[in-house]
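Below: data-v9.pdb (PDB, C-alpha atoms, pLDDT in the B column)
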ATOM      1  CA  MET A  55       7.525  24.747  24.806  1.00 96.00           C
ATOM      2  CA  LYS A  56       8.290  24.714  21.149  1.00 95.00           C
ATOM      3  CA  GLU A  57       6.212  23.462  18.276  1.00 95.00           C
ATOM      4  CA  ILE A  58       7.234  21.560  15.215  1.00 92.00           C
ATOM      5  CA  SER A  59       5.294  21.489  12.007  1.00 92.00           C
ATOM      6  CA  ILE A  60       5.264  18.551   9.639  1.00 91.00           C
ATOM      7  CA  THR A  61       3.910  18.828   6.143  1.00 91.00           C
ATOM      8  CA  THR A  62       3.248  16.078   3.672  1.00 92.00           C
ATOM      9  CA  GLN A  63       2.581  16.238  -0.010  1.00 93.00           C
ATOM     10  CA  PHE A  64       0.434  14.020  -2.196  1.00 96.00           C
ATOM     11  CA  SER A  65      -0.501  14.141  -5.850  1.00 98.00           C
ATOM     12  CA  VAL A  66      -4.205  13.632  -6.542  1.00 98.00           C
ATOM     13  CA  PHE A  67      -5.447  12.016  -9.727  1.00 98.00           C
ATOM     14  CA  GLU A  68      -9.190  12.361 -10.259  1.00 97.00           C
ATOM     15  CA  SER A  69      -9.511   9.006 -12.014  1.00 96.00           C
ATOM     16  CA  ILE A  70      -7.460   6.007 -13.006  1.00 96.00           C
ATOM     17  CA  GLU A  71      -7.341   7.326 -16.563  1.00 97.00           C
ATOM     18  CA  GLU A  72      -5.144  10.248 -15.390  1.00 97.00           C
ATOM     19  CA  LEU A  73      -2.414   7.860 -14.259  1.00 98.00           C
ATOM     20  CA  SER A  74       0.480   6.904 -16.514  1.00 97.00           C
ATOM     21  CA  LYS A  75      -0.047   3.627 -18.395  1.00 98.00           C
ATOM     22  CA  ASP A  76       2.309   1.648 -16.140  1.00 97.00           C
ATOM     23  CA  ILE A  77       0.535   2.858 -12.976  1.00 98.00           C
ATOM     24  CA  GLN A  78      -2.882   2.212 -14.549  1.00 98.00           C
ATOM     25  CA  ASP A  79      -1.762  -1.357 -15.223  1.00 98.00           C
ATOM     26  CA  LEU A  80      -0.470  -1.736 -11.661  1.00 98.00           C
ATOM     27  CA  MET A  81      -3.691  -0.334 -10.192  1.00 98.00           C
ATOM     28  CA  ASN A  82      -5.760  -2.629 -12.401  1.00 98.00           C
ATOM     29  CA  GLU A  83      -3.766  -5.558 -10.970  1.00 98.00           C
ATOM     30  CA  ALA A  84      -4.606  -4.313  -7.450  1.00 98.00           C
ATOM     31  CA  ILE A  85      -8.289  -4.032  -8.375  1.00 98.00           C
ATOM     32  CA  ALA A  86      -8.357  -7.546  -9.856  1.00 98.00           C
ATOM     33  CA  ILE A  87      -6.671  -9.171  -6.833  1.00 98.00           C
ATOM     34  CA  ARG A  88      -8.901  -7.138  -4.467  1.00 98.00           C
ATOM     35  CA  LYS A  89     -11.874  -9.022  -5.866  1.00 98.00           C
ATOM     36  CA  LYS A  90     -10.259 -12.302  -4.718  1.00 98.00           C
ATOM     37  CA  ALA A  91      -9.803 -11.171  -1.108  1.00 98.00           C
ATOM     38  CA  TYR A  92     -11.035 -13.424   1.660  1.00 98.00           C
ATOM     39  CA  ALA A  93     -13.114 -10.983   3.727  1.00 97.00           C
ATOM     40  CA  PRO A  94     -16.172 -12.830   5.104  1.00 96.00           C
ATOM     41  CA  TYR A  95     -16.157 -10.868   8.385  1.00 95.00           C
ATOM     42  CA  SER A  96     -15.440  -7.256   7.493  1.00 95.00           C
ATOM     43  CA  LYS A  97     -16.856  -7.411   3.956  1.00 97.00           C
ATOM     44  CA  PHE A  98     -14.025  -4.979   3.144  1.00 97.00           C
ATOM     45  CA  ARG A  99     -11.745  -6.115   0.337  1.00 98.00           C
ATOM     46  CA  VAL A 100      -8.286  -4.746  -0.338  1.00 98.00           C
ATOM     47  CA  GLY A 101      -5.852  -5.518  -3.137  1.00 98.00           C
ATOM     48  CA  ALA A 102      -2.214  -4.531  -3.434  1.00 98.00           C
ATOM     49  CA  ALA A 103       0.151  -4.763  -6.385  1.00 98.00           C
ATOM     50  CA  LEU A 104       3.886  -4.164  -6.007  1.00 98.00           C
ATOM     51  CA  LEU A 105       6.255  -3.339  -8.840  1.00 98.00           C
ATOM     52  CA  LEU A 106       9.778  -4.549  -8.104  1.00 98.00           C
ATOM     53  CA  ASP A 107      13.017  -3.297  -9.629  1.00 98.00           C
ATOM     54  CA  ASN A 108      13.434  -6.681 -11.366  1.00 98.00           C
ATOM     55  CA  GLY A 109      10.220  -5.988 -13.319  1.00 98.00           C
ATOM     56  CA  LYS A 110       8.138  -8.519 -11.379  1.00 98.00           C
ATOM     57  CA  ILE A 111       4.699  -7.644 -10.043  1.00 98.00           C
ATOM     58  CA  VAL A 112       3.718  -9.210  -6.733  1.00 98.00           C
ATOM     59  CA  LEU A 113       0.078  -9.262  -5.634  1.00 98.00           C
ATOM     60  CA  GLY A 114      -1.701  -9.537  -2.313  1.00 98.00           C
ATOM     61  CA  SER A 115      -5.256  -9.405  -0.991  1.00 98.00           C
ATOM     62  CA  ASN A 116      -6.488  -9.259   2.570  1.00 98.00           C
ATOM     63  CA  GLN A 117      -6.993 -12.634   4.222  1.00 97.00           C
ATOM     64  CA  GLU A 118      -9.262 -12.629   7.265  1.00 97.00           C
ATOM     65  CA  ASN A 119      -9.645 -15.168  10.037  1.00 94.00           C
ATOM     66  CA  ALA A 120     -12.348 -15.731  12.638  1.00 92.00           C
ATOM     67  CA  ALA A 121      -9.597 -15.627  15.271  1.00 91.00           C
ATOM     68  CA  TYR A 122      -8.837 -11.911  14.993  1.00 81.00           C
ATOM     69  CA  PRO A 123      -6.161 -10.644  14.524  1.00 81.00           C
ATOM     70  CA  SER A 124      -4.814 -13.742  12.795  1.00 88.00           C
ATOM     71  CA  GLY A 125      -5.634 -12.396   9.328  1.00 93.00           C
ATOM     72  CA  LEU A 126      -3.363 -10.224   7.253  1.00 96.00           C
ATOM     73  CA  CYS A 127      -3.819  -7.063   5.194  1.00 97.00           C
ATOM     74  CA  ALA A 128      -3.283  -7.042   1.435  1.00 98.00           C
ATOM     75  CA  GLU A 129      -0.239  -4.785   1.604  1.00 98.00           C
ATOM     76  CA  ARG A 130       1.570  -7.058   4.051  1.00 98.00           C
ATOM     77  CA  VAL A 131       0.601 -10.196   2.121  1.00 98.00           C
ATOM     78  CA  ALA A 132       2.226  -8.696  -0.992  1.00 98.00           C
ATOM     79  CA  ILE A 133       5.260  -7.195   0.780  1.00 98.00           C
ATOM     80  CA  PHE A 134       6.087 -10.343   2.742  1.00 97.00           C
ATOM     81  CA  HIS A 135       5.602 -12.507  -0.356  1.00 98.00           C
ATOM     82  CA  ALA A 136       7.955 -10.245  -2.323  1.00 98.00           C
ATOM     83  CA  GLY A 137      10.482 -10.367   0.522  1.00 96.00           C
ATOM     84  CA  ALA A 138      10.329 -14.168   0.598  1.00 97.00           C
ATOM     85  CA  ILE A 139      10.513 -14.767  -3.154  1.00 98.00           C
ATOM     86  CA  TYR A 140      12.712 -11.828  -4.251  1.00 98.00           C
ATOM     87  CA  PRO A 141      14.717 -10.880  -1.129  1.00 96.00           C
ATOM     88  CA  GLU A 142      17.216  -8.724  -3.038  1.00 96.00           C
ATOM     89  CA  ALA A 143      14.644  -6.834  -5.130  1.00 98.00           C
ATOM     90  CA  LYS A 144      13.591  -3.302  -4.277  1.00 98.00           C
ATOM     91  CA  ILE A 145       9.944  -2.294  -4.177  1.00 98.00           C
ATOM     92  CA  LEU A 146       9.500   0.645  -6.542  1.00 98.00           C
ATOM     93  CA  LYS A 147       5.744   1.218  -6.403  1.00 98.00           C
ATOM     94  CA  ILE A 148       2.683  -0.051  -4.572  1.00 98.00           C
ATOM     95  CA  ALA A 149      -0.870   0.302  -5.876  1.00 98.00           C
ATOM     96  CA  ILE A 150      -3.704  -0.261  -3.392  1.00 98.00           C
ATOM     97  CA  SER A 151      -7.450  -0.490  -4.013  1.00 98.00           C
ATOM     98  CA  ALA A 152     -10.119  -1.015  -1.358  1.00 98.00           C
ATOM     99  CA  ALA A 153     -13.865  -1.673  -1.624  1.00 98.00           C
ATOM    100  CA  SER A 154     -16.712  -2.586   0.691  1.00 97.00           C
ATOM    101  CA  ASP A 155     -19.259  -5.268  -0.128  1.00 97.00           C
ATOM    102  CA  THR A 156     -21.936  -3.169   1.593  1.00 97.00           C
ATOM    103  CA  ASN A 157     -21.418   0.366   0.274  1.00 96.00           C
ATOM    104  CA  GLN A 158     -19.440   2.053  -2.472  1.00 96.00           C
ATOM    105  CA  THR A 159     -16.006   3.264  -1.377  1.00 96.00           C
ATOM    106  CA  THR A 160     -15.285   6.559  -3.127  1.00 95.00           C
ATOM    107  CA  ALA A 161     -12.521   8.006  -0.914  1.00 96.00           C
ATOM    108  CA  PRO A 162      -8.890   6.902  -1.258  1.00 97.00           C
ATOM    109  CA  ILE A 163      -8.102   4.322   1.452  1.00 97.00           C
ATOM    110  CA  PRO A 164      -4.516   4.500   2.771  1.00 96.00           C
ATOM    111  CA  PRO A 165      -2.609   1.615   4.341  1.00 97.00           C
ATOM    112  CA  CYS A 166      -3.380   0.926   8.018  1.00 95.00           C
ATOM    113  CA  GLY A 167      -0.786   1.575  10.721  1.00 93.00           C
ATOM    114  CA  SER A 168       0.606  -1.970  10.717  1.00 94.00           C
ATOM    115  CA  CYS A 169       0.994  -1.878   6.945  1.00 96.00           C
ATOM    116  CA  ARG A 170       2.659   1.535   7.116  1.00 96.00           C
ATOM    117  CA  GLN A 171       5.205   0.145   9.554  1.00 94.00           C
ATOM    118  CA  SER A 172       5.839  -2.859   7.290  1.00 95.00           C
ATOM    119  CA  ILE A 173       6.285  -0.635   4.242  1.00 97.00           C
ATOM    120  CA  ALA A 174       8.641   1.543   6.321  1.00 95.00           C
ATOM    121  CA  GLU A 175      10.784  -1.494   7.137  1.00 94.00           C
ATOM    122  CA  TYR A 176      11.316  -2.230   3.451  1.00 96.00           C
ATOM    123  CA  GLU A 177      11.791   1.425   2.464  1.00 95.00           C
ATOM    124  CA  ILE A 178      14.488   1.770   5.132  1.00 94.00           C
ATOM    125  CA  LYS A 179      16.067  -1.597   4.248  1.00 94.00           C
ATOM    126  CA  GLN A 180      16.337  -0.784   0.555  1.00 96.00           C
ATOM    127  CA  GLU A 181      17.395   2.838   1.179  1.00 95.00           C
ATOM    128  CA  THR A 182      15.098   4.141  -1.559  1.00 97.00           C
ATOM    129  CA  PRO A 183      11.576   5.541  -1.373  1.00 97.00           C
ATOM    130  CA  ILE A 184       8.559   3.494  -2.356  1.00 98.00           C
ATOM    131  CA  GLU A 185       5.870   5.300  -4.356  1.00 98.00           C
ATOM    132  CA  ILE A 186       2.423   4.532  -2.979  1.00 98.00           C
ATOM    133  CA  TYR A 187      -0.823   4.930  -4.939  1.00 98.00           C
ATOM    134  CA  PHE A 188      -4.113   4.309  -3.161  1.00 98.00           C
ATOM    135  CA  MET A 189      -7.784   4.548  -4.002  1.00 98.00           C
ATOM    136  CA  GLY A 190     -11.196   3.312  -2.976  1.00 98.00           C
ATOM    137  CA  GLU A 191     -13.406   1.362  -5.333  1.00 96.00           C
ATOM    138  CA  ILE A 192     -13.844   4.371  -7.620  1.00 96.00           C
ATOM    139  CA  GLY A 193     -12.786   7.998  -7.673  1.00 96.00           C
ATOM    140  CA  ALA A 194      -9.588   9.826  -6.886  1.00 98.00           C
ATOM    141  CA  ILE A 195      -6.200   8.204  -6.452  1.00 98.00           C
ATOM    142  CA  TYR A 196      -3.639   9.661  -4.045  1.00 98.00           C
ATOM    143  CA  GLN A 197       0.047   9.271  -4.777  1.00 98.00           C
ATOM    144  CA  SER A 198       2.786   9.590  -2.195  1.00 97.00           C
ATOM    145  CA  ALA A 199       6.433   9.692  -3.263  1.00 97.00           C
ATOM    146  CA  SER A 200       7.471   7.903  -0.057  1.00 96.00           C
ATOM    147  CA  LEU A 201       6.045   6.197   2.986  1.00 93.00           C
ATOM    148  CA  LYS A 202       7.442   9.132   4.988  1.00 92.00           C
ATOM    149  CA  ASN A 203       4.398  11.176   3.915  1.00 92.00           C
ATOM    150  CA  LEU A 204       2.103   8.654   5.599  1.00 93.00           C
ATOM    151  CA  LEU A 205       4.310   7.946   8.605  1.00 91.00           C
ATOM    152  CA  PRO A 206       6.576  10.935   9.273  1.00 88.00           C
ATOM    153  CA  PHE A 207       7.885   9.628  12.612  1.00 86.00           C
ATOM    154  CA  MET A 208       8.953   6.177  11.483  1.00 82.00           C
ATOM    155  CA  PHE A 209      10.127   3.648  14.035  1.00 83.00           C
ATOM    156  CA  ASP A 210      13.118   1.721  12.755  1.00 81.00           C
ATOM    157  CA  LYS A 211      16.153  -0.278  13.869  1.00 80.00           C
ATOM    158  CA  LYS A 212      18.119   2.827  14.878  1.00 81.00           C
ATOM    159  CA  PHE A 213      15.876   3.070  17.974  1.00 83.00           C
ATOM    160  CA  LEU A 214      16.643  -0.503  19.093  1.00 83.00           C
TER     161      LEU A 214
END
Would you give me this structure, written as structure tokens?
Amino acid sequence: MKEISITTQFSVFESIEELSKDIQDLMNEAIAIRKKAYAPYSKFRVGAALLLDNGKIVLGSNQENAAYPSGLCAERVAIFHAGAIYPEAKILKIAISAASDTNQTTAPIPPCGSCRQSIAEYEIKQETPIEIYFMGEIGAIYQSASLKNLLPFMFDKKFL
């Protein structure tokens, strides 16, 4: 038997004020759209804001459905919308904010597995990393230089 070791690296910002102005603006967009999420079942609202290489910002919030799993996460709403409207644009950065209606979310909330796989698809397609910033309702923000930090063994088309 042999072992392999995988390490990942994140930058941690203690508050939104520590972020650069452009990332603060992007995160504030994610926070604003989070508040418009349709989350009557989970009471857990997520907002995502994507910055594209054409300068456009694309937003998404989670959209739930009584017929689980017919809803869609905020990250995928934004990514798929960007892919439909700006198919040639690259995603440079994603800001994600999550909050519960029932208790304060103070820990950074990363994308779920399905969202990680969707982000991976676009990162691989565009052949450039996507910076990911994620936070809870308040508190620290984690920054990853690439989806590879969140999903080191990515499944992609080379396996098909």
Selection: 9 Å around Thr62 in chain A, all atoms listed in the file, excl. self and same-chain fewer than 6 positions, as JSON, numbers by chain: {"A": [198, 202, 203, 204, 206]}
Ref. answer, residues at most 9 Å from (-18.9, -6.3, 1.4) with only C-alpha atoms, as a list in words: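 Neighbouring residues, ordered by chain and number, come to Ala93, Pro94, Tyr95, Ser96, Lys97, Phe98, Arg99, Ala153, Ser154, Asp155, Thr156 and Asn157 of chain A.
Distances here use only C-alpha atoms; by that measure, the residue among A:Ile148, A:Ala199, A:Ala138, A:Ala194 closest to Leu73 in chain A is A:Ala194.
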Which residue of A:Ile85, A:Ile163, A:Gln158, A:Tyr92 approaches Ala120 in chain A most closely, using only C-alpha atoms: A:Tyr92
Residues selected by the PyMOL selection byres ((chain A and resi 77) around 12), written as JSON, numbers by chain: {"A": [67, 69, 70, 71, 72, 73, 74, 75, 76, 78, 79, 80, 81, 82, 83, 84, 103, 104, 105, 111, 146, 147, 148, 149, 150, 185, 186, 187, 188, 195, 196, 197]}
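Relative to CA of Met189 in chain A, CA of Thr61 in chain A is found at 21.1 Å.
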Target residues per the PyMOL selection byres ((chain A and resi 211) around 12), formatted as a list in words: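 Taken on the displayed file, the PyMOL selection byres ((chain A and resi 211) around 12) yields the residues Gln171, Ala174, Glu175, Tyr176, Ile178, Lys179, Met208, Phe209, Asp210, Lys212, Phe213 and Leu214 of chain A.
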Å distance separating CA of Glu181 in chain A from CA of Ala152 in chain A, one decimal place: 27.9 Å
Taking all atoms of range 168-175 of chain A that the file lists and extending 3 Å past them on each side, where is the centre of the axis-aligned box and how long are its edges? Answer in Å to one decimal, as JSON.
{"center_x": 5.7, "center_y": -0.7, "center_z": 7.5, "size_x": 16.2, "size_y": 10.4, "size_z": 12.5}
Spatial neighbours of Thr160 in chain A, max dist 7 Å, only C-alpha atoms, sep filter under 2 positions, as a list in words: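 Contacts, in chain order: Gln158, Pro162, Gly190, Glu191, Ile192 and Gly193 of chain A.
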Identify, on the basis of only C-alpha atoms, every residue whose closest approach to range 125-133 of chain A does not exceed 8 Å; exclude the query and any residue fewer than 6 positions from it along the same chain; express the result as a compact mmCIF listing (two decimals) with C-alpha atoms, keeping the file's coordinate frame.
# COMPACT_ATOMS: atom_id res chain seq x y z
CA VAL A 100 -8.29 -4.75 -0.34
CA GLY A 101 -5.85 -5.52 -3.14
CA ALA A 102 -2.21 -4.53 -3.43
CA ALA A 103 0.15 -4.76 -6.38
CA LEU A 104 3.89 -4.16 -6.01
CA VAL A 112 3.72 -9.21 -6.73
CA LEU A 113 0.08 -9.26 -5.63
CA GLY A 114 -1.70 -9.54 -2.31
CA SER A 115 -5.26 -9.40 -0.99
CA ASN A 116 -6.49 -9.26 2.57
CA GLN A 117 -6.99 -12.63 4.22
CA GLU A 118 -9.26 -12.63 7.26
CA ASN A 119 -9.64 -15.17 10.04
CA ILE A 150 -3.70 -0.26 -3.39
CA PRO A 165 -2.61 1.62 4.34
CA CYS A 169 0.99 -1.88 6.94
CA SER A 172 5.84 -2.86 7.29
CA ILE A 173 6.28 -0.64 4.24
Interatomic distance, CA of Ala161 in chain A to CA of Pro183 in chain A (Å, one decimal):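 If I compute the distance from CA of Ala161 in chain A to CA of Pro183 in chain A, I get 24.2 Å.
Comparing A:Ala91, A:Gln180, A:Tyr122, A:Pro164 by their smallest distance to Pro141 in chain A, the closest is A:Gln180 (using only C-alpha atoms).
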